[in-house]
>>> print(open('run30.cif').read())   # mmCIF, C-alpha atoms
data_data
#
loop_
_atom_site.label_atom_id
_atom_site.label_comp_id
_atom_site.auth_asym_id
_atom_site.auth_seq_id
_atom_site.Cartn_x
_atom_site.Cartn_y
_atom_site.Cartn_z
CA MET M 85 0.00 0.00 0.00
CA ILE M 86 1.08 3.59 -0.69
CA VAL M 87 0.51 6.06 2.17
CA VAL M 88 0.60 9.84 1.73
CA ALA M 89 1.68 11.53 4.98
CA THR M 90 2.30 15.25 4.72
CA ALA M 91 1.17 18.56 6.17
CA ASP M 92 2.32 20.35 3.00
CA PHE M 93 -0.89 21.24 1.15
CA GLU M 94 0.74 21.59 -2.26
CA VAL M 95 2.48 18.23 -1.99
CA TYR M 96 -0.70 16.57 -0.68
CA HIS M 97 -2.86 18.03 -3.44
CA ASP M 98 -0.46 17.17 -6.27
CA VAL M 99 0.44 13.65 -5.11
CA VAL M 100 -3.14 12.64 -4.32
CA GLY M 101 -4.26 14.02 -7.68
CA GLU M 102 -1.56 12.06 -9.50
CA LEU M 103 -2.41 8.83 -7.66
CA ARG M 104 -6.12 9.22 -8.39
CA GLU M 105 -5.46 9.97 -12.05
CA ARG M 106 -3.51 6.71 -12.34
CA GLY M 107 -6.11 4.69 -10.47
CA VAL M 108 -3.67 3.73 -7.71
CA THR M 109 -4.98 2.49 -4.36
CA PHE M 110 -3.62 4.58 -1.48
CA THR M 111 -4.51 6.08 1.88
CA THR M 112 -3.55 9.22 3.80
CA VAL M 113 -2.48 9.89 7.39
CA GLU M 114 -1.21 12.88 9.29
CA PRO M 115 2.57 13.00 9.87
CA GLY M 116 3.32 11.28 13.18
CA GLU M 117 0.27 8.99 13.07
CA ASP M 118 0.70 5.21 13.02
CA LEU M 119 0.99 3.79 9.52
CA PRO M 120 -1.56 1.23 8.34
CA GLU M 121 -0.61 -2.42 8.21
CA HIS M 122 0.97 -3.50 4.92
CA THR M 123 2.37 -0.03 4.19
CA ARG M 124 5.09 -0.43 1.55
CA VAL M 125 5.77 3.19 0.57
CA VAL M 126 5.30 6.49 2.41
CA VAL M 127 5.18 9.66 0.32
CA THR M 128 5.86 12.80 2.34
CA GLY M 129 6.90 16.41 1.98
CA PRO M 130 10.43 17.82 2.29
CA ASP M 131 9.98 18.99 5.89
CA ASP M 132 7.57 16.45 7.39
CA GLU M 133 8.76 14.29 10.27
CA VAL M 134 7.70 10.76 9.40
CA ASP M 135 8.95 7.41 10.69
CA PRO M 136 8.41 4.96 7.80
CA GLY M 137 9.44 1.91 9.80
CA GLU M 138 10.27 -0.81 7.27
CA ALA M 139 8.50 1.00 4.44
CA THR M 140 10.29 3.00 1.73
CA LEU M 141 10.24 6.76 2.27
CA VAL M 142 9.78 9.02 -0.77
CA ARG M 143 10.25 12.73 -0.12
CA VAL M 144 8.79 15.16 -2.63
CA SER M 145 8.72 18.93 -3.08
CA GLY M 146 6.01 20.88 -4.86
CA GLY M 147 5.96 20.26 -8.59
CA GLU M 148 7.61 16.82 -8.34
CA SER M 149 4.51 14.73 -7.79
CA ARG M 150 4.82 12.63 -10.94
CA ARG M 151 8.41 11.68 -10.16
CA ALA M 152 7.44 10.74 -6.61
CA VAL M 153 4.51 8.60 -7.74
CA GLU M 154 6.68 6.84 -10.32
CA GLU M 155 9.28 6.13 -7.63
CA ALA M 156 6.60 4.78 -5.32
CA LEU M 157 5.14 2.55 -8.02
CA ALA M 158 8.60 1.31 -8.99
CA THR M 159 9.10 0.24 -5.37
CA LEU M 160 5.82 -1.70 -5.42
CA ARG M 161 6.91 -3.38 -8.65
CA GLY M 162 10.17 -4.42 -7.06
CA GLY M 163 12.48 -1.80 -8.53
CA GLY M 164 10.81 -1.35 -11.90
CA GLY M 165 13.86 -2.02 -14.05
CA ARG M 166 15.92 0.13 -16.40
CA THR M 167 14.57 3.43 -17.71
CA VAL M 168 14.19 3.25 -21.50
CA VAL M 169 12.93 6.06 -23.70
CA GLY M 170 11.56 5.12 -27.12
CA VAL M 171 11.30 7.79 -29.83
CA ASP M 172 9.31 7.61 -33.05
CA PRO M 173 10.89 10.55 -34.90
CA GLY M 174 8.99 13.02 -37.05
CA GLU M 175 7.78 16.62 -36.99
CA ARG M 176 5.88 15.69 -33.78
CA PRO M 177 7.83 12.75 -32.36
CA GLY M 178 6.11 10.16 -30.23
CA ILE M 179 8.04 9.63 -26.99
CA ALA M 180 7.43 6.76 -24.55
CA VAL M 181 9.16 6.33 -21.19
CA LEU M 182 9.37 2.78 -19.82
CA SER M 183 10.50 1.56 -16.43
CA GLY M 184 11.20 -2.09 -17.09
CA GLU M 185 8.18 -3.24 -19.09
CA THR M 186 5.85 -0.59 -17.67
CA VAL M 187 5.02 2.56 -19.61
CA VAL M 188 5.24 5.41 -17.08
CA ALA M 189 4.89 8.44 -19.39
CA ALA M 190 4.09 9.27 -23.01
CA PHE M 191 4.30 12.41 -25.11
CA ALA M 192 3.71 13.72 -28.63
CA VAL M 193 5.56 17.04 -28.86
CA PRO M 194 6.93 19.38 -31.54
CA LEU M 195 10.36 18.34 -32.78
CA SER M 196 11.88 21.45 -31.18
CA ASP M 197 10.74 20.23 -27.74
CA ALA M 198 11.71 16.57 -28.12
CA VAL M 199 15.25 16.64 -26.69
CA ALA M 200 14.24 18.78 -23.69
CA THR M 201 11.37 16.37 -22.98
CA ILE M 202 13.67 13.35 -23.15
CA GLU M 203 16.33 14.95 -20.94
CA ARG M 204 13.71 15.92 -18.35
CA GLU M 205 12.43 12.35 -18.20
CA LEU M 206 15.97 10.97 -17.81
CA ASP M 207 16.85 13.28 -14.91
CA GLY M 208 18.00 11.08 -12.03
CA ALA M 209 17.68 7.80 -13.96
CA VAL M 210 20.45 5.24 -13.46
CA ASP M 211 22.01 3.85 -16.67
CA PRO M 212 19.12 4.83 -18.99
CA VAL M 213 18.97 4.25 -22.74
CA VAL M 214 17.24 6.18 -25.52
CA ARG M 215 16.10 4.16 -28.53
CA VAL M 216 15.33 6.17 -31.67
CA GLY M 217 13.56 4.72 -34.69
CA ASP M 218 15.50 4.83 -37.97
CA GLY M 219 12.61 6.33 -39.97
CA ALA M 220 12.16 10.09 -40.54
CA ARG M 221 15.93 10.26 -41.02
CA LEU M 222 16.41 14.00 -40.77
CA GLN M 223 14.31 14.48 -37.64
CA GLY M 224 15.83 11.40 -36.02
CA ALA M 225 19.34 12.63 -36.74
CA ARG M 226 18.60 15.96 -35.04
CA ILE M 227 17.47 14.13 -31.90
CA VAL M 228 20.42 11.71 -31.88
CA ASP M 229 22.98 14.47 -32.42
CA ALA M 230 21.52 16.63 -29.62
CA LEU M 231 21.56 13.93 -26.92
CA ASP M 232 24.71 13.92 -24.78
CA ASP M 233 25.86 11.76 -21.84
CA VAL M 234 23.29 9.02 -22.46
CA ARG M 235 23.39 5.74 -24.38
CA VAL M 236 21.50 6.13 -27.67
CA GLU M 237 20.53 3.22 -29.90
CA LEU M 238 19.22 3.39 -33.46
CA VAL M 239 16.37 0.90 -33.91
CA ASP M 240 14.95 -0.67 -37.06
CA GLU M 241 11.38 0.57 -36.74
CA THR M 242 9.93 -1.77 -39.37
CA GLY M 243 6.60 -3.05 -38.07
CA THR M 244 6.48 -0.81 -35.01
CA THR M 245 3.57 1.34 -36.20
CA PRO M 246 0.36 -0.31 -34.91
CA TYR M 247 -3.00 -0.59 -36.58
CA LEU M 248 -5.37 1.92 -35.00
CA GLY M 249 -8.94 0.70 -34.74
CA GLN M 250 -12.06 2.80 -34.64
CA GLY M 251 -12.03 5.45 -31.93
CA THR M 252 -8.24 5.39 -31.43
CA CYS M 253 -7.18 7.95 -34.02
CA GLY M 254 -6.39 10.85 -31.69
CA THR M 255 -3.48 13.16 -32.41
CA GLY M 256 -0.18 11.38 -31.84
CA VAL M 257 -1.66 8.09 -30.60
CA GLY M 258 -0.03 6.02 -33.33
CA ASP M 259 3.33 7.75 -32.86
CA VAL M 260 3.28 7.15 -29.10
CA LEU M 261 2.40 3.47 -29.52
CA ALA M 262 5.17 3.13 -32.11
CA ALA M 263 7.55 4.73 -29.58
CA VAL M 264 6.56 2.07 -27.02
CA ASN M 265 7.37 -0.67 -29.53
CA ILE M 266 10.68 1.02 -30.41
CA ALA M 267 11.62 1.21 -26.72
CA ARG M 268 11.25 -2.58 -26.45
CA LEU M 269 13.66 -3.32 -29.32
CA GLU M 270 17.43 -3.36 -28.96
CA GLY M 271 19.28 -1.25 -31.52
CA GLU M 272 22.77 -0.29 -32.62
CA PRO M 273 24.60 2.15 -30.31
CA VAL M 274 25.27 5.51 -32.02
CA THR M 275 26.74 8.85 -30.99
CA SER M 276 25.70 10.78 -34.10
CA ARG M 277 23.89 10.25 -37.36
CA ASP M 278 25.13 11.90 -40.55
CA VAL M 279 22.28 12.25 -43.01
CA GLU M 280 22.29 14.13 -46.32
CA PRO M 281 18.84 15.39 -47.38
CA THR M 282 17.49 13.86 -50.55
CA ALA M 283 16.31 15.96 -53.49
CA GLY M 284 12.74 15.16 -52.50
CA GLU M 285 13.26 16.30 -48.90
CA ILE M 286 14.81 19.55 -50.10
CA GLN M 287 11.90 20.13 -52.48
CA VAL M 288 9.41 19.66 -49.63
CA VAL M 289 11.12 22.50 -47.73
CA LYS M 290 11.10 24.68 -50.84
CA ASN M 291 7.39 24.02 -51.34
CA ARG M 292 6.66 24.98 -47.73
CA SER M 293 8.63 28.22 -48.11
CA ARG M 294 6.65 29.15 -51.20
CA GLU M 295 3.35 28.45 -49.44
CA ARG M 296 4.32 30.68 -46.50
CA SER M 297 5.83 33.50 -48.50
CA PRO M 298 3.56 36.49 -49.27
CA GLU M 299 5.62 36.97 -52.45
CA ASN M 300 5.37 33.27 -53.37
CA ARG M 301 9.18 33.07 -53.16
CA GLU M 302 10.90 29.71 -52.99
CA LEU M 303 14.09 29.05 -51.05
CA THR M 304 17.28 28.21 -52.87
CA ASP M 305 18.55 24.63 -52.72
CA SER M 306 21.33 25.60 -50.30
CA LEU M 307 18.98 27.32 -47.83
CA ALA M 308 16.41 24.53 -48.10
CA ARG M 309 19.16 21.99 -47.37
CA ARG M 310 20.14 23.87 -44.18
CA VAL M 311 16.49 23.87 -43.07
CA ALA M 312 16.22 20.13 -43.75
CA LEU M 313 19.34 19.54 -41.64
CA GLY M 314 17.96 21.64 -38.78
CA GLU M 315 20.67 24.30 -39.10
CA LEU M 316 18.04 26.99 -39.77
CA SER M 317 14.34 27.26 -39.06
CA LEU M 318 12.12 27.84 -42.09
CA GLU M 319 11.45 31.39 -40.88
CA GLU M 320 15.17 32.12 -40.49
CA ALA M 321 15.91 30.78 -43.96
CA MET M 322 13.09 32.84 -45.50
CA ALA M 323 14.38 36.00 -43.80
CA GLU M 324 17.90 35.31 -45.08
CA HIS M 325 16.51 34.69 -48.56
CA ARG M 326 14.70 38.04 -48.57
CA GLU M 327 17.98 39.80 -47.76
CA GLU M 328 19.84 38.21 -50.66
#
>>> encode(input="run30.cif", output="structure tokens")
Amino acid sequence: MIVVATADFEVYHDVVGELRERGVTFTTVEPGEDLPEHTRVVVTGPDDEVDPGEATLVRVSGGESRRAVEEALATLRGGGGRTVVGVDPGERPGIAVLSGETVVAAFAVPLSDAVATIERELDGAVDPVVRVGDGARLQGARIVDALDDVRVELVDETGTTPYLGQGTCGTGVGDVLAAVNIARLEGEPVTSRDVEPTAGEIQVVKNRSRERSPENRELTDSLARRVALGELSLEEAMAEHREE
């Protein structure tokens, strides 16, 4: 059983809300009260005086409720296992965070937010690994190249995209489920990924620039290539093109 024992209102509110959202069975006591029988984990605030006895004590400050709940659940699971992040790359990558075989978090974010999201989820993890699908080469390369101080594996993502039945076609659902499947596949360790944009990928960028330009101007091949590689945003390249 998980027990929440804190006089800190913010911690109490956030942790209880997180536990309820996940459908976890728990109870609450005041700090200093006797703990219920079969208590396995006690979640408490940074300044509460709590004697957990033989239970595991998880201290949490305001704004850290999800981390605390994940730590508590990992204890109930017997340690949870290695933290693995699976990434299905694209303009809005699907990101899945696994502790052992359990999915503990999932995201579908803009490409510009992907690395920050991954690094936030890895904070404090012991010996984590990030597994990135080998599709969407350009976007995947930007993620791989930006990740430092963590093991990164490139995974063959063939067959990882699931069939989505009726009622499951929400934004990013397929990408997140593909990220879960990618996380469960071992890949080849990489530290960088050199990718040269194809003519088709460059033309896609040029088409987008023409659509967004009030003057219907199209980027040059060299500027479009830099956008495809992530060296410039489309807006930056269009501004540079106007100054030429």
>>> resolve_selection(input="run30.cif", expression="the PyMOL selection byres ((chain M and resi 238) around 6)", output="compact mmCIF listing (two decimals) with C-alpha atoms, in the coordinates of the input")
# COMPACT_ATOMS: atom_id res chain seq x y z
CA ARG M 215 16.10 4.16 -28.53
CA VAL M 216 15.33 6.17 -31.67
CA GLY M 217 13.56 4.72 -34.69
CA GLU M 237 20.53 3.22 -29.90
CA VAL M 239 16.37 0.90 -33.91
CA GLY M 271 19.28 -1.25 -31.52
CA GLU M 272 22.77 -0.29 -32.62
>>> atom_distance(input="run30.cif", atom1="atom CA of Gly129 of chain M", atom2="atom CA of Val142 of chain M")
8.4 Å
>>> resolve_selection(input="run30.cif", expression="the PyMOL selection byres ((chain M and resi 322) around 9)", output="PyMOL selection string")
chain M and resi 293+297+301-303+307+317-321+323-327
>>> write_last_selection(input="run30.cif", atoms="C-alpha atoms", output="tab-separated table (two decimals), in the coordinates of the input")
chain	number	residue	atom	x	y	z
M	293	SER	CA	8.63	28.22	-48.11
M	297	SER	CA	5.83	33.50	-48.50
M	301	ARG	CA	9.18	33.07	-53.16
M	302	GLU	CA	10.90	29.71	-52.99
M	303	LEU	CA	14.09	29.05	-51.05
M	307	LEU	CA	18.98	27.32	-47.83
M	317	SER	CA	14.34	27.26	-39.06
M	318	LEU	CA	12.12	27.84	-42.09
M	319	GLU	CA	11.45	31.39	-40.88
M	320	GLU	CA	15.17	32.12	-40.49
M	321	ALA	CA	15.91	30.78	-43.96
M	323	ALA	CA	14.38	36.00	-43.80
M	324	GLU	CA	17.90	35.31	-45.08
M	325	HIS	CA	16.51	34.69	-48.56
M	326	ARG	CA	14.70	38.04	-48.57
M	327	GLU	CA	17.98	39.80	-47.76
>>> resolve_selection(input="run30.cif", expression="the PyMOL selection byres ((chain M and resi 115-123) around 12)", output="PyMOL selection string")
chain M and resi 85-92+96+109-114+124-141+156+159-160
>>> residues_around(input="run30.cif", residues="Asp211 of chain M", least_positions_apart="4", cutoff="12 Å", atoms="all atoms listed in the file", output="number ranges by chain")
M: 165-169, 183, 206-207, 233-236
>>> closest_atom_pairs(input="run30.cif", of="segment 140-174 of chain M", to="segment 241-245 of chain M", cutoff="12 Å", atoms="all atoms listed in the file", output="CSV")
residue,atom,partner,partner_atom,distance
M:Gly170,CA,M:Glu241,CA,10.6
M:Val171,CA,M:Glu241,CA,10.0
M:Asp172,CA,M:Glu241,CA,8.2
M:Pro173,CA,M:Glu241,CA,10.2
>>> atom_distance(input="run30.cif", atom1="atom CA of Val95 of chain M", atom2="atom CA of Val108 of chain M")
16.8 Å
>>> atom_distance(input="run30.cif", atom1="atom CA of Glu155 of chain M", atom2="atom CA of Ala263 of chain M")
22.1 Å
>>> closest_residue(input="run30.cif", among="M:Gly256, M:Gly146, M:Gly219, M:Gly174", to="Ala192 of chain M", atoms="all atoms listed in the file")
M:Gly256
>>> closest_residue(input="run30.cif", among="M:Arg268, M:Arg150, M:Arg143, M:Arg221", to="Arg106 of chain M", atoms="only C-alpha atoms")
M:Arg150
>>> axis_aligned_box(input="run30.cif", around="segment 298-303 of chain M", padding_each_side="6 Å", output="lines of an AutoDock Vina configuration file")
center_x = 8.8
center_y = 33.0
center_z = -51.3
size_x = 22.5
size_y = 19.9
size_z = 16.1
>>> closest_residue(input="run30.cif", among="M:Ile286, M:Val153, M:Ile179, M:Ala312", to="Asp197 of chain M", atoms="all atoms listed in the file")
M:Ile179
